[in-house]
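Pasted below: protein_38.cif, mmCIF, C-alpha atoms; chains and numbers go by the auth columns.
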```cif
data_work
#
loop_
_atom_site.group_PDB
_atom_site.id
_atom_site.type_symbol
_atom_site.label_atom_id
_atom_site.label_comp_id
_atom_site.label_asym_id
_atom_site.label_seq_id
_atom_site.Cartn_x
_atom_site.Cartn_y
_atom_site.Cartn_z
_atom_site.B_iso_or_equiv
_atom_site.auth_seq_id
_atom_site.auth_asym_id
ATOM 1 C CA MET A 1 0.000 0.000 0.000 0.00 342 A
ATOM 2 C CA LYS A 2 1.278 3.446 -0.893 0.00 343 A
ATOM 3 C CA LYS A 3 2.110 5.905 1.859 0.00 344 A
ATOM 4 C CA ILE A 4 -0.657 8.445 2.402 0.00 345 A
ATOM 5 C CA LEU A 5 0.687 11.883 1.513 0.00 346 A
ATOM 6 C CA VAL A 6 -0.765 15.110 2.890 0.00 347 A
ATOM 7 C CA ALA A 7 -0.513 18.338 0.888 0.00 348 A
ATOM 8 C CA PRO A 8 -1.709 21.391 2.838 0.00 349 A
ATOM 9 C CA SER A 9 -3.279 23.977 0.537 0.00 350 A
ATOM 10 C CA ILE A 10 -1.860 27.395 1.339 0.00 351 A
ATOM 11 C CA LEU A 11 -5.004 29.008 -0.062 0.00 352 A
ATOM 12 C CA ALA A 12 -6.395 28.506 3.470 0.00 353 A
ATOM 13 C CA ALA A 13 -3.281 29.840 5.220 0.00 354 A
ATOM 14 C CA ASP A 14 -2.979 33.210 6.935 0.00 355 A
ATOM 15 C CA PHE A 15 -1.272 35.223 4.187 0.00 356 A
ATOM 16 C CA ALA A 16 -0.251 37.890 6.680 0.00 357 A
ATOM 17 C CA HIS A 17 2.054 35.227 8.148 0.00 358 A
ATOM 18 C CA LEU A 18 2.587 33.005 5.121 0.00 359 A
ATOM 19 C CA ALA A 19 6.236 32.240 5.829 0.00 360 A
ATOM 20 C CA ASP A 20 5.383 31.071 9.343 0.00 361 A
ATOM 21 C CA GLU A 21 2.450 29.040 8.052 0.00 362 A
ATOM 22 C CA VAL A 22 4.588 27.166 5.518 0.00 363 A
ATOM 23 C CA ARG A 23 7.284 26.437 8.087 0.00 364 A
ATOM 24 C CA LYS A 24 4.690 25.268 10.607 0.00 365 A
ATOM 25 C CA VAL A 25 3.031 22.753 8.282 0.00 366 A
ATOM 26 C CA GLU A 26 6.440 21.449 7.207 0.00 367 A
ATOM 27 C CA ALA A 27 7.408 20.937 10.847 0.00 368 A
ATOM 28 C CA ALA A 28 4.006 19.327 11.441 0.00 369 A
ATOM 29 C CA GLY A 29 4.701 16.576 8.920 0.00 370 A
ATOM 30 C CA ALA A 30 3.328 17.808 5.593 0.00 371 A
ATOM 31 C CA ASP A 31 4.601 15.898 2.549 0.00 372 A
ATOM 32 C CA TRP A 32 3.890 18.481 -0.161 0.00 373 A
ATOM 33 C CA ILE A 33 2.739 22.096 -0.291 0.00 374 A
ATOM 34 C CA HIS A 34 -0.297 22.564 -2.528 0.00 375 A
ATOM 35 C CA CYS A 35 -0.646 25.827 -4.458 0.00 376 A
ATOM 36 C CA ASP A 36 -4.056 26.638 -5.958 0.00 377 A
ATOM 37 C CA ILE A 37 -3.706 29.006 -8.908 0.00 378 A
ATOM 38 C CA MET A 38 -6.942 30.713 -10.021 0.00 379 A
ATOM 39 C CA ASP A 39 -7.352 33.286 -12.758 0.00 380 A
ATOM 40 C CA GLY A 40 -10.922 34.548 -12.378 0.00 381 A
ATOM 41 C CA HIS A 41 -11.828 33.064 -15.770 0.00 382 A
ATOM 42 C CA PHE A 42 -11.693 29.268 -15.631 0.00 383 A
ATOM 43 C CA VAL A 43 -12.927 29.541 -12.035 0.00 384 A
ATOM 44 C CA ASP A 44 -14.788 32.439 -10.464 0.00 385 A
ATOM 45 C CA ASN A 45 -12.033 33.473 -8.108 0.00 386 A
ATOM 46 C CA ILE A 46 -8.499 34.885 -8.211 0.00 387 A
ATOM 47 C CA SER A 47 -5.790 33.550 -5.917 0.00 388 A
ATOM 48 C CA PHE A 48 -2.091 34.158 -6.623 0.00 389 A
ATOM 49 C CA GLY A 49 0.539 33.624 -9.278 0.00 390 A
ATOM 50 C CA PRO A 50 4.161 32.631 -9.845 0.00 391 A
ATOM 51 C CA ALA A 51 5.570 35.285 -7.497 0.00 392 A
ATOM 52 C CA ILE A 52 3.932 33.669 -4.460 0.00 393 A
ATOM 53 C CA VAL A 53 5.025 30.207 -5.592 0.00 394 A
ATOM 54 C CA LYS A 54 8.589 31.515 -5.912 0.00 395 A
ATOM 55 C CA PHE A 55 8.355 32.998 -2.409 0.00 396 A
ATOM 56 C CA VAL A 56 7.127 29.681 -0.981 0.00 397 A
ATOM 57 C CA ARG A 57 9.918 27.866 -2.819 0.00 398 A
ATOM 58 C CA ARG A 58 12.462 29.847 -0.812 0.00 399 A
ATOM 59 C CA LEU A 59 10.804 28.796 2.450 0.00 400 A
ATOM 60 C CA THR A 60 10.787 25.023 2.092 0.00 401 A
ATOM 61 C CA ASN A 61 12.394 22.034 0.429 0.00 402 A
ATOM 62 C CA LEU A 62 9.059 20.202 0.300 0.00 403 A
ATOM 63 C CA PRO A 63 7.698 19.487 -3.194 0.00 404 A
ATOM 64 C CA LEU A 64 5.445 22.253 -4.495 0.00 405 A
ATOM 65 C CA ASP A 65 2.263 20.780 -5.971 0.00 406 A
ATOM 66 C CA VAL A 66 0.855 23.462 -8.293 0.00 407 A
ATOM 67 C CA HIS A 67 -2.741 23.176 -9.530 0.00 408 A
ATOM 68 C CA LEU A 68 -3.507 25.494 -12.456 0.00 409 A
ATOM 69 C CA MET A 69 -7.209 26.340 -12.443 0.00 410 A
ATOM 70 C CA ILE A 70 -6.690 28.725 -15.311 0.00 411 A
ATOM 71 C CA GLU A 71 -7.228 29.265 -19.007 0.00 412 A
ATOM 72 C CA HIS A 72 -4.281 28.782 -21.366 0.00 413 A
ATOM 73 C CA ALA A 73 -2.225 26.751 -18.891 0.00 414 A
ATOM 74 C CA ASP A 74 0.344 26.087 -21.616 0.00 415 A
ATOM 75 C CA HIS A 75 1.209 29.788 -21.686 0.00 416 A
ATOM 76 C CA TYR A 76 1.845 29.896 -17.936 0.00 417 A
ATOM 77 C CA VAL A 77 3.579 26.553 -17.346 0.00 418 A
ATOM 78 C CA PRO A 78 7.098 28.002 -17.937 0.00 419 A
ATOM 79 C CA ARG A 79 6.498 30.700 -15.330 0.00 420 A
ATOM 80 C CA PHE A 80 5.552 28.174 -12.665 0.00 421 A
ATOM 81 C CA VAL A 81 8.465 25.941 -13.616 0.00 422 A
ATOM 82 C CA ASP A 82 10.783 28.925 -13.145 0.00 423 A
ATOM 83 C CA ALA A 83 9.081 29.686 -9.817 0.00 424 A
ATOM 84 C CA GLY A 84 10.053 26.261 -8.495 0.00 425 A
ATOM 85 C CA ALA A 85 7.075 23.964 -9.025 0.00 426 A
ATOM 86 C CA ASN A 86 7.833 20.254 -8.673 0.00 427 A
ATOM 87 C CA SER A 87 4.461 19.084 -9.941 0.00 428 A
ATOM 88 C CA ILE A 88 2.053 20.927 -12.245 0.00 429 A
ATOM 89 C CA THR A 89 -1.548 19.836 -12.660 0.00 430 A
ATOM 90 C CA VAL A 90 -3.787 21.159 -15.445 0.00 431 A
ATOM 91 C CA HIS A 91 -7.459 20.682 -16.284 0.00 432 A
ATOM 92 C CA VAL A 92 -8.889 18.426 -18.957 0.00 433 A
ATOM 93 C CA GLU A 93 -12.015 20.515 -19.614 0.00 434 A
ATOM 94 C CA SER A 94 -12.242 22.346 -22.948 0.00 435 A
ATOM 95 C CA GLU A 95 -12.987 25.570 -21.055 0.00 436 A
ATOM 96 C CA SER A 96 -9.357 25.594 -19.934 0.00 437 A
ATOM 97 C CA ARG A 97 -8.438 26.456 -23.546 0.00 438 A
ATOM 98 C CA HIS A 98 -5.308 24.427 -24.195 0.00 439 A
ATOM 99 C CA ASP A 99 -4.233 21.281 -26.013 0.00 440 A
ATOM 100 C CA VAL A 100 -4.154 18.846 -23.106 0.00 441 A
ATOM 101 C CA ALA A 101 -1.734 16.306 -24.618 0.00 442 A
ATOM 102 C CA LYS A 102 0.724 19.019 -25.665 0.00 443 A
ATOM 103 C CA THR A 103 0.591 20.725 -22.279 0.00 444 A
ATOM 104 C CA LEU A 104 1.237 17.444 -20.472 0.00 445 A
ATOM 105 C CA GLU A 105 4.275 16.884 -22.682 0.00 446 A
ATOM 106 C CA GLN A 106 5.391 20.473 -22.043 0.00 447 A
ATOM 107 C CA ILE A 107 5.322 19.826 -18.292 0.00 448 A
ATOM 108 C CA ARG A 108 7.215 16.555 -18.724 0.00 449 A
ATOM 109 C CA GLU A 109 9.904 18.237 -20.825 0.00 450 A
ATOM 110 C CA ALA A 110 10.315 20.840 -18.074 0.00 451 A
ATOM 111 C CA LYS A 111 11.274 18.001 -15.663 0.00 452 A
ATOM 112 C CA CYS A 112 8.176 18.458 -13.514 0.00 453 A
ATOM 113 C CA ARG A 113 5.788 15.758 -12.414 0.00 454 A
ATOM 114 C CA VAL A 114 2.730 15.784 -14.652 0.00 455 A
ATOM 115 C CA GLY A 115 -0.765 16.104 -13.226 0.00 456 A
ATOM 116 C CA LEU A 116 -4.237 16.156 -14.756 0.00 457 A
ATOM 117 C CA THR A 117 -7.531 16.954 -13.091 0.00 458 A
ATOM 118 C CA LEU A 118 -11.241 17.022 -13.786 0.00 459 A
ATOM 119 C CA ASN A 119 -14.132 18.908 -12.254 0.00 460 A
ATOM 120 C CA PRO A 120 -17.005 17.085 -10.543 0.00 461 A
ATOM 121 C CA ALA A 121 -19.266 17.491 -13.588 0.00 462 A
ATOM 122 C CA THR A 122 -16.646 16.012 -15.948 0.00 463 A
ATOM 123 C CA PRO A 123 -16.866 12.247 -16.544 0.00 464 A
ATOM 124 C CA PHE A 124 -13.870 10.027 -15.864 0.00 465 A
ATOM 125 C CA ALA A 125 -13.841 9.028 -19.533 0.00 466 A
ATOM 126 C CA GLU A 126 -12.434 12.473 -20.377 0.00 467 A
ATOM 127 C CA VAL A 127 -9.093 11.668 -18.683 0.00 468 A
ATOM 128 C CA GLU A 128 -8.734 8.001 -19.624 0.00 469 A
ATOM 129 C CA ALA A 129 -6.838 8.678 -22.843 0.00 470 A
ATOM 130 C CA PHE A 130 -4.186 10.617 -20.930 0.00 471 A
ATOM 131 C CA LEU A 131 -3.502 8.332 -17.964 0.00 472 A
ATOM 132 C CA GLN A 132 -0.330 6.876 -19.472 0.00 473 A
ATOM 133 C CA GLN A 133 1.054 10.428 -19.857 0.00 474 A
ATOM 134 C CA ILE A 134 0.666 11.558 -16.259 0.00 475 A
ATOM 135 C CA ASP A 135 2.110 10.956 -12.799 0.00 476 A
ATOM 136 C CA LEU A 136 -0.885 12.229 -10.840 0.00 477 A
ATOM 137 C CA LEU A 137 -4.638 12.333 -11.280 0.00 478 A
ATOM 138 C CA LEU A 138 -6.408 14.933 -9.163 0.00 479 A
ATOM 139 C CA VAL A 139 -10.071 14.189 -8.522 0.00 480 A
ATOM 140 C CA MET A 140 -11.854 17.354 -7.437 0.00 481 A
ATOM 141 C CA THR A 141 -14.290 16.556 -4.651 0.00 482 A
ATOM 142 C CA VAL A 142 -15.793 20.056 -4.812 0.00 483 A
ATOM 143 C CA HIS A 143 -16.288 22.433 -7.713 0.00 484 A
ATOM 144 C CA PRO A 144 -12.997 24.368 -7.829 0.00 485 A
ATOM 145 C CA GLY A 145 -12.704 28.019 -6.998 0.00 486 A
ATOM 146 C CA PHE A 146 -13.421 28.465 -3.304 0.00 487 A
ATOM 147 C CA GLY A 147 -12.283 26.783 -0.104 0.00 488 A
ATOM 148 C CA GLY A 148 -14.513 25.462 2.643 0.00 489 A
ATOM 149 C CA GLN A 149 -16.985 23.569 0.433 0.00 490 A
ATOM 150 C CA SER A 150 -18.606 20.274 1.380 0.00 491 A
ATOM 151 C CA PHE A 151 -17.099 17.012 0.147 0.00 492 A
ATOM 152 C CA ARG A 152 -18.892 15.333 -2.744 0.00 493 A
ATOM 153 C CA ALA A 153 -18.962 11.604 -2.067 0.00 494 A
ATOM 154 C CA ASP A 154 -20.263 10.924 -5.588 0.00 495 A
ATOM 155 C CA GLN A 155 -16.744 11.647 -6.877 0.00 496 A
ATOM 156 C CA MET A 156 -15.414 8.481 -5.237 0.00 497 A
ATOM 157 C CA GLU A 157 -16.501 6.537 -8.320 0.00 498 A
ATOM 158 C CA LYS A 158 -13.710 8.334 -10.208 0.00 499 A
ATOM 159 C CA VAL A 159 -11.185 7.518 -7.476 0.00 500 A
ATOM 160 C CA THR A 160 -12.204 3.869 -7.644 0.00 501 A
ATOM 161 C CA ARG A 161 -11.852 3.799 -11.426 0.00 502 A
ATOM 162 C CA ALA A 162 -8.386 5.341 -11.198 0.00 503 A
ATOM 163 C CA ALA A 163 -7.381 2.770 -8.577 0.00 504 A
ATOM 164 C CA GLU A 164 -8.708 -0.030 -10.785 0.00 505 A
ATOM 165 C CA TRP A 165 -6.682 1.345 -13.688 0.00 506 A
ATOM 166 C CA ASN A 166 -3.567 1.387 -11.490 0.00 507 A
ATOM 167 C CA ALA A 167 -4.115 -2.247 -10.604 0.00 508 A
ATOM 168 C CA THR A 168 -3.848 -3.270 -14.262 0.00 509 A
ATOM 169 C CA GLN A 169 -0.813 -1.186 -15.229 0.00 510 A
ATOM 170 C CA ASN A 170 2.946 -1.192 -14.816 0.00 511 A
ATOM 171 C CA HIS A 171 2.751 2.618 -14.907 0.00 512 A
ATOM 172 C CA ARG A 172 0.974 3.737 -11.770 0.00 513 A
ATOM 173 C CA ILE A 173 -0.234 7.204 -10.896 0.00 514 A
ATOM 174 C CA ASP A 174 -0.804 9.024 -7.630 0.00 515 A
ATOM 175 C CA ILE A 175 -4.505 9.558 -6.963 0.00 516 A
ATOM 176 C CA GLU A 176 -5.078 12.904 -5.301 0.00 517 A
ATOM 177 C CA VAL A 177 -8.307 14.324 -3.859 0.00 518 A
ATOM 178 C CA ASP A 178 -9.049 17.966 -3.147 0.00 519 A
ATOM 179 C CA GLY A 179 -12.107 19.566 -1.621 0.00 520 A
ATOM 180 C CA GLY A 180 -13.754 19.185 1.778 0.00 521 A
ATOM 181 C CA ILE A 181 -11.011 16.860 3.022 0.00 522 A
ATOM 182 C CA ASN A 182 -11.150 16.235 6.777 0.00 523 A
ATOM 183 C CA PRO A 183 -10.421 13.083 8.820 0.00 524 A
ATOM 184 C CA GLU A 184 -13.760 11.506 7.895 0.00 525 A
ATOM 185 C CA THR A 185 -13.677 12.275 4.164 0.00 526 A
ATOM 186 C CA ALA A 186 -9.971 11.430 4.029 0.00 527 A
ATOM 187 C CA ARG A 187 -10.796 7.920 5.258 0.00 528 A
ATOM 188 C CA VAL A 188 -13.515 7.570 2.619 0.00 529 A
ATOM 189 C CA SER A 189 -11.078 8.717 -0.071 0.00 530 A
ATOM 190 C CA ILE A 190 -8.287 6.399 1.089 0.00 531 A
ATOM 191 C CA ASP A 191 -10.702 3.463 1.227 0.00 532 A
ATOM 192 C CA HIS A 192 -11.570 4.104 -2.428 0.00 533 A
ATOM 193 C CA GLY A 193 -7.912 4.285 -3.495 0.00 534 A
ATOM 194 C CA ALA A 194 -6.645 7.841 -3.000 0.00 535 A
ATOM 195 C CA ASN A 195 -3.115 8.260 -1.665 0.00 536 A
ATOM 196 C CA VAL A 196 -2.656 12.055 -1.749 0.00 537 A
ATOM 197 C CA LEU A 197 -4.869 14.314 0.363 0.00 538 A
ATOM 198 C CA VAL A 198 -5.090 18.047 -0.289 0.00 539 A
ATOM 199 C CA ALA A 199 -6.475 19.859 2.735 0.00 540 A
ATOM 200 C CA GLY A 200 -6.768 23.532 3.522 0.00 541 A
ATOM 201 C CA THR A 201 -9.374 24.446 6.112 0.00 542 A
ATOM 202 C CA SER A 202 -9.006 21.262 8.172 0.00 543 A
ATOM 203 C CA ILE A 203 -5.302 21.997 8.684 0.00 544 A
ATOM 204 C CA PHE A 204 -4.866 25.769 8.680 0.00 545 A
ATOM 205 C CA HIS A 205 -8.014 26.422 10.725 0.00 546 A
ATOM 206 C CA SER A 206 -7.010 23.890 13.377 0.00 547 A
ATOM 207 C CA ASP A 207 -5.197 24.597 16.634 0.00 548 A
ATOM 208 C CA ASP A 208 -2.598 21.867 16.107 0.00 549 A
ATOM 209 C CA TYR A 209 -1.289 21.335 12.568 0.00 550 A
ATOM 210 C CA ALA A 210 0.594 18.141 13.430 0.00 551 A
ATOM 211 C CA LYS A 211 -2.476 16.593 15.030 0.00 552 A
ATOM 212 C CA ALA A 212 -4.613 17.627 12.046 0.00 553 A
ATOM 213 C CA ILE A 213 -2.191 16.077 9.551 0.00 554 A
ATOM 214 C CA CYS A 214 -1.954 12.842 11.536 0.00 555 A
ATOM 215 C CA ALA A 215 -5.743 12.679 11.772 0.00 556 A
ATOM 216 C CA LEU A 216 -5.999 12.934 7.982 0.00 557 A
ATOM 217 C CA ARG A 217 -3.708 9.941 7.646 0.00 558 A
ATOM 218 C CA GLY A 218 -5.847 8.073 10.152 0.00 559 A
ATOM 219 C CA PHE A 219 -3.383 7.992 13.046 0.00 560 A
ATOM 220 C CA GLY A 220 -5.188 10.204 15.523 0.00 561 A
ATOM 221 C CA GLY A 221 -2.736 12.516 17.259 0.00 562 A
ATOM 222 C CA ASP A 222 0.321 10.251 17.050 0.00 563 A
ATOM 223 C CA ARG A 223 3.051 10.971 14.507 0.00 564 A
#
```

Would it be possible to restate this file's structure as structure tokens?
Amino acid sequence: MKKILVAPSILAADFAHLADEVRKVEAAGADWIHCDIMDGHFVDNISFGPAIVKFVRRLTNLPLDVHLMIEHADHYVPRFVDAGANSITVHVESESRHDVAKTLEQIREAKCRVGLTLNPATPFAEVEAFLQQIDLLLVMTVHPGFGGQSFRADQMEKVTRAAEWNATQNHRIDIEVDGGINPETARVSIDHGANVLVAGTSIFHSDDYAKAICALRGFGGDR
């Protein structure tokens, strides 16, 4: 069984103390740092860009897991590579306005891990043709754009299908979930085959980051 990885989403961090927040979740046992990039077009919100990713890169040696919820991801990939991203995930939906196969290859050529994601309304069939090209499949368990939404259990069918695909392949992908992830929904996701948990509110709005991260993995308060 793969190790369960926890990737705190800094979108939920206190940006007035972002450096402290990043250092605290690293000390608390985070595996990756998740960066949600929103452009106000593909999703109805604006977050931050390469400058913040570059700032976070200087704060930590943890892998930076960058999720581009933007139009024309191919145009911006080089900027996030230069900022220090270790993994770049793009959307499969046509509204993201890029050639998915070419963008995945662009990320690969930049020596980053390659991720692909789909919104809750998008069927799993839309990503099947690309699974051999990627390292990570991100299943959104809320509609992207805003933190604090409720987990959509109906998306577990996609997690299960990805896990079933893994079981038949030599090339295996990480299965990541993002949206409404807390200890209860983390367990549901893990039971269906997820091995990477993105969590914002349940970590950064807690009193004890280490305890929150351990609880997501299913170990209570013990590290």

>> Suppose a student applies the PyMOL selection byres ((chain A and resi 519) around 7) to this structure; what residues should they get, written as an NGL selection string?
In response: :A and (480-482 or 517-518 or 520-522 or 538-540)

> Can you list what the PyMOL selection byres ((chain A and resi 436) around 8) grabs from this structure, as a list in words?
Replying inline: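 Here the PyMOL selection byres ((chain A and resi 436) around 8) matches Phe383, Glu412, Glu434, Ser435, Ser437 and Arg438 of chain A.
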
>> Show me, as number ranges by chain, the residues that have an atom within 10 Å of segment 446-460 of chain A when counting all atoms listed in the file, minus same-chain residues fewer than 5 positions from it.
In response: A: 406-410, 415, 418-419, 422-423, 425-434, 441, 465, 467-468, 471-472, 474-485, 496, 499, 514-518

> Selected by the PyMOL selection byres ((chain A and resi 527) around 10) in the shown coordinates: which residues, as a PyMOL selection string?
Replying inline: chain A and resi 345+347+492+518-519+521-526+528-533+535-540+556-559

Keeping only C-alpha atoms, write the selected residues as a short mmCIF file (atom, residue, chain, number, x, y, z; two decimals), in the coordinates of the input.
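Printed below is result21.cif as written:
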```cif
data_model
loop_
_atom_site.label_atom_id
_atom_site.label_comp_id
_atom_site.auth_asym_id
_atom_site.auth_seq_id
_atom_site.Cartn_x
_atom_site.Cartn_y
_atom_site.Cartn_z
CA ILE A 345 -0.66 8.44 2.40
CA VAL A 347 -0.76 15.11 2.89
CA PHE A 492 -17.10 17.01 0.15
CA VAL A 518 -8.31 14.32 -3.86
CA ASP A 519 -9.05 17.97 -3.15
CA GLY A 521 -13.75 19.18 1.78
CA ILE A 522 -11.01 16.86 3.02
CA ASN A 523 -11.15 16.24 6.78
CA PRO A 524 -10.42 13.08 8.82
CA GLU A 525 -13.76 11.51 7.90
CA THR A 526 -13.68 12.28 4.16
CA ARG A 528 -10.80 7.92 5.26
CA VAL A 529 -13.52 7.57 2.62
CA SER A 530 -11.08 8.72 -0.07
CA ILE A 531 -8.29 6.40 1.09
CA ASP A 532 -10.70 3.46 1.23
CA HIS A 533 -11.57 4.10 -2.43
CA ALA A 535 -6.64 7.84 -3.00
CA ASN A 536 -3.12 8.26 -1.66
CA VAL A 537 -2.66 12.06 -1.75
CA LEU A 538 -4.87 14.31 0.36
CA VAL A 539 -5.09 18.05 -0.29
CA ALA A 540 -6.48 19.86 2.74
CA ALA A 556 -5.74 12.68 11.77
CA LEU A 557 -6.00 12.93 7.98
CA ARG A 558 -3.71 9.94 7.65
CA GLY A 559 -5.85 8.07 10.15
#
```

> To one decimal place, how far is atom CA of Arg420 of chain A from atom CA of Pro391 of chain A in Å?
Replying inline: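 Going from atom CA of Arg420 of chain A over to atom CA of Pro391 of chain A, I get 6.3 Å.
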
> What is the atom CA of Phe560 of chain A to atom CA of Leu403 of chain A distance in Å?
Replying inline: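 Rounded to one decimal, the two atoms are 21.6 Å apart.
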
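Once only C-alpha atoms are considered, the residues situated within 9 Å of the file point (-5.9, 28.2, 8.9) turn out to be Ile351, Ala353, Ala354, Asp355, Glu362, Gly541, Thr542, Ser543, Ile544, Phe545, His546, Ser547 and Asp548 of chain A.
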
>> To one decimal place in Å, what is the distance between atom CA of Thr463 of chain A and atom CA of Pro349 of chain A?
In response: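 These two atoms are separated by 24.6 Å.
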
> Of the residues A:Pro464, A:Ile411, A:Thr509, A:His416, which is the one nearest to Ile378 of chain A, using all atoms listed in the file?
Replying inline: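 Checking each candidate against Ile378 of chain A, we get A:Ile411 as the closest.
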
With all atoms listed in the file as the counted atoms, please give the residues lying no more than 10 Å from Gln473 of chain A, apart from itself and same-chain residues fewer than 6 positions off, as an mmCIF file with C-alpha atoms, in the coordinates of the input.
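Contents of the output file around_18.cif:
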```cif
data_model
loop_
_atom_site.group_PDB
_atom_site.id
_atom_site.type_symbol
_atom_site.label_atom_id
_atom_site.label_comp_id
_atom_site.auth_asym_id
_atom_site.auth_seq_id
_atom_site.Cartn_x
_atom_site.Cartn_y
_atom_site.Cartn_z
ATOM 1 C CA GLN A 510 -0.813 -1.186 -15.229
ATOM 2 C CA ASN A 511 2.946 -1.192 -14.816
ATOM 3 C CA HIS A 512 2.751 2.618 -14.907
ATOM 4 C CA ARG A 513 0.974 3.737 -11.770
ATOM 5 C CA ILE A 514 -0.234 7.204 -10.896
#
```

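Between Ala551 of chain A and the candidates A:Ala470, A:Ala494, A:Ala371, A:Ala424, the tightest atom-to-atom separation, counting only C-alpha atoms, involves A:Ala371.
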
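Distance check against Asp377 of chain A using all atoms listed in the file: of A:Pro404, A:Gly534, A:Gly390, A:Gly489, the minimum falls on A:Gly390.
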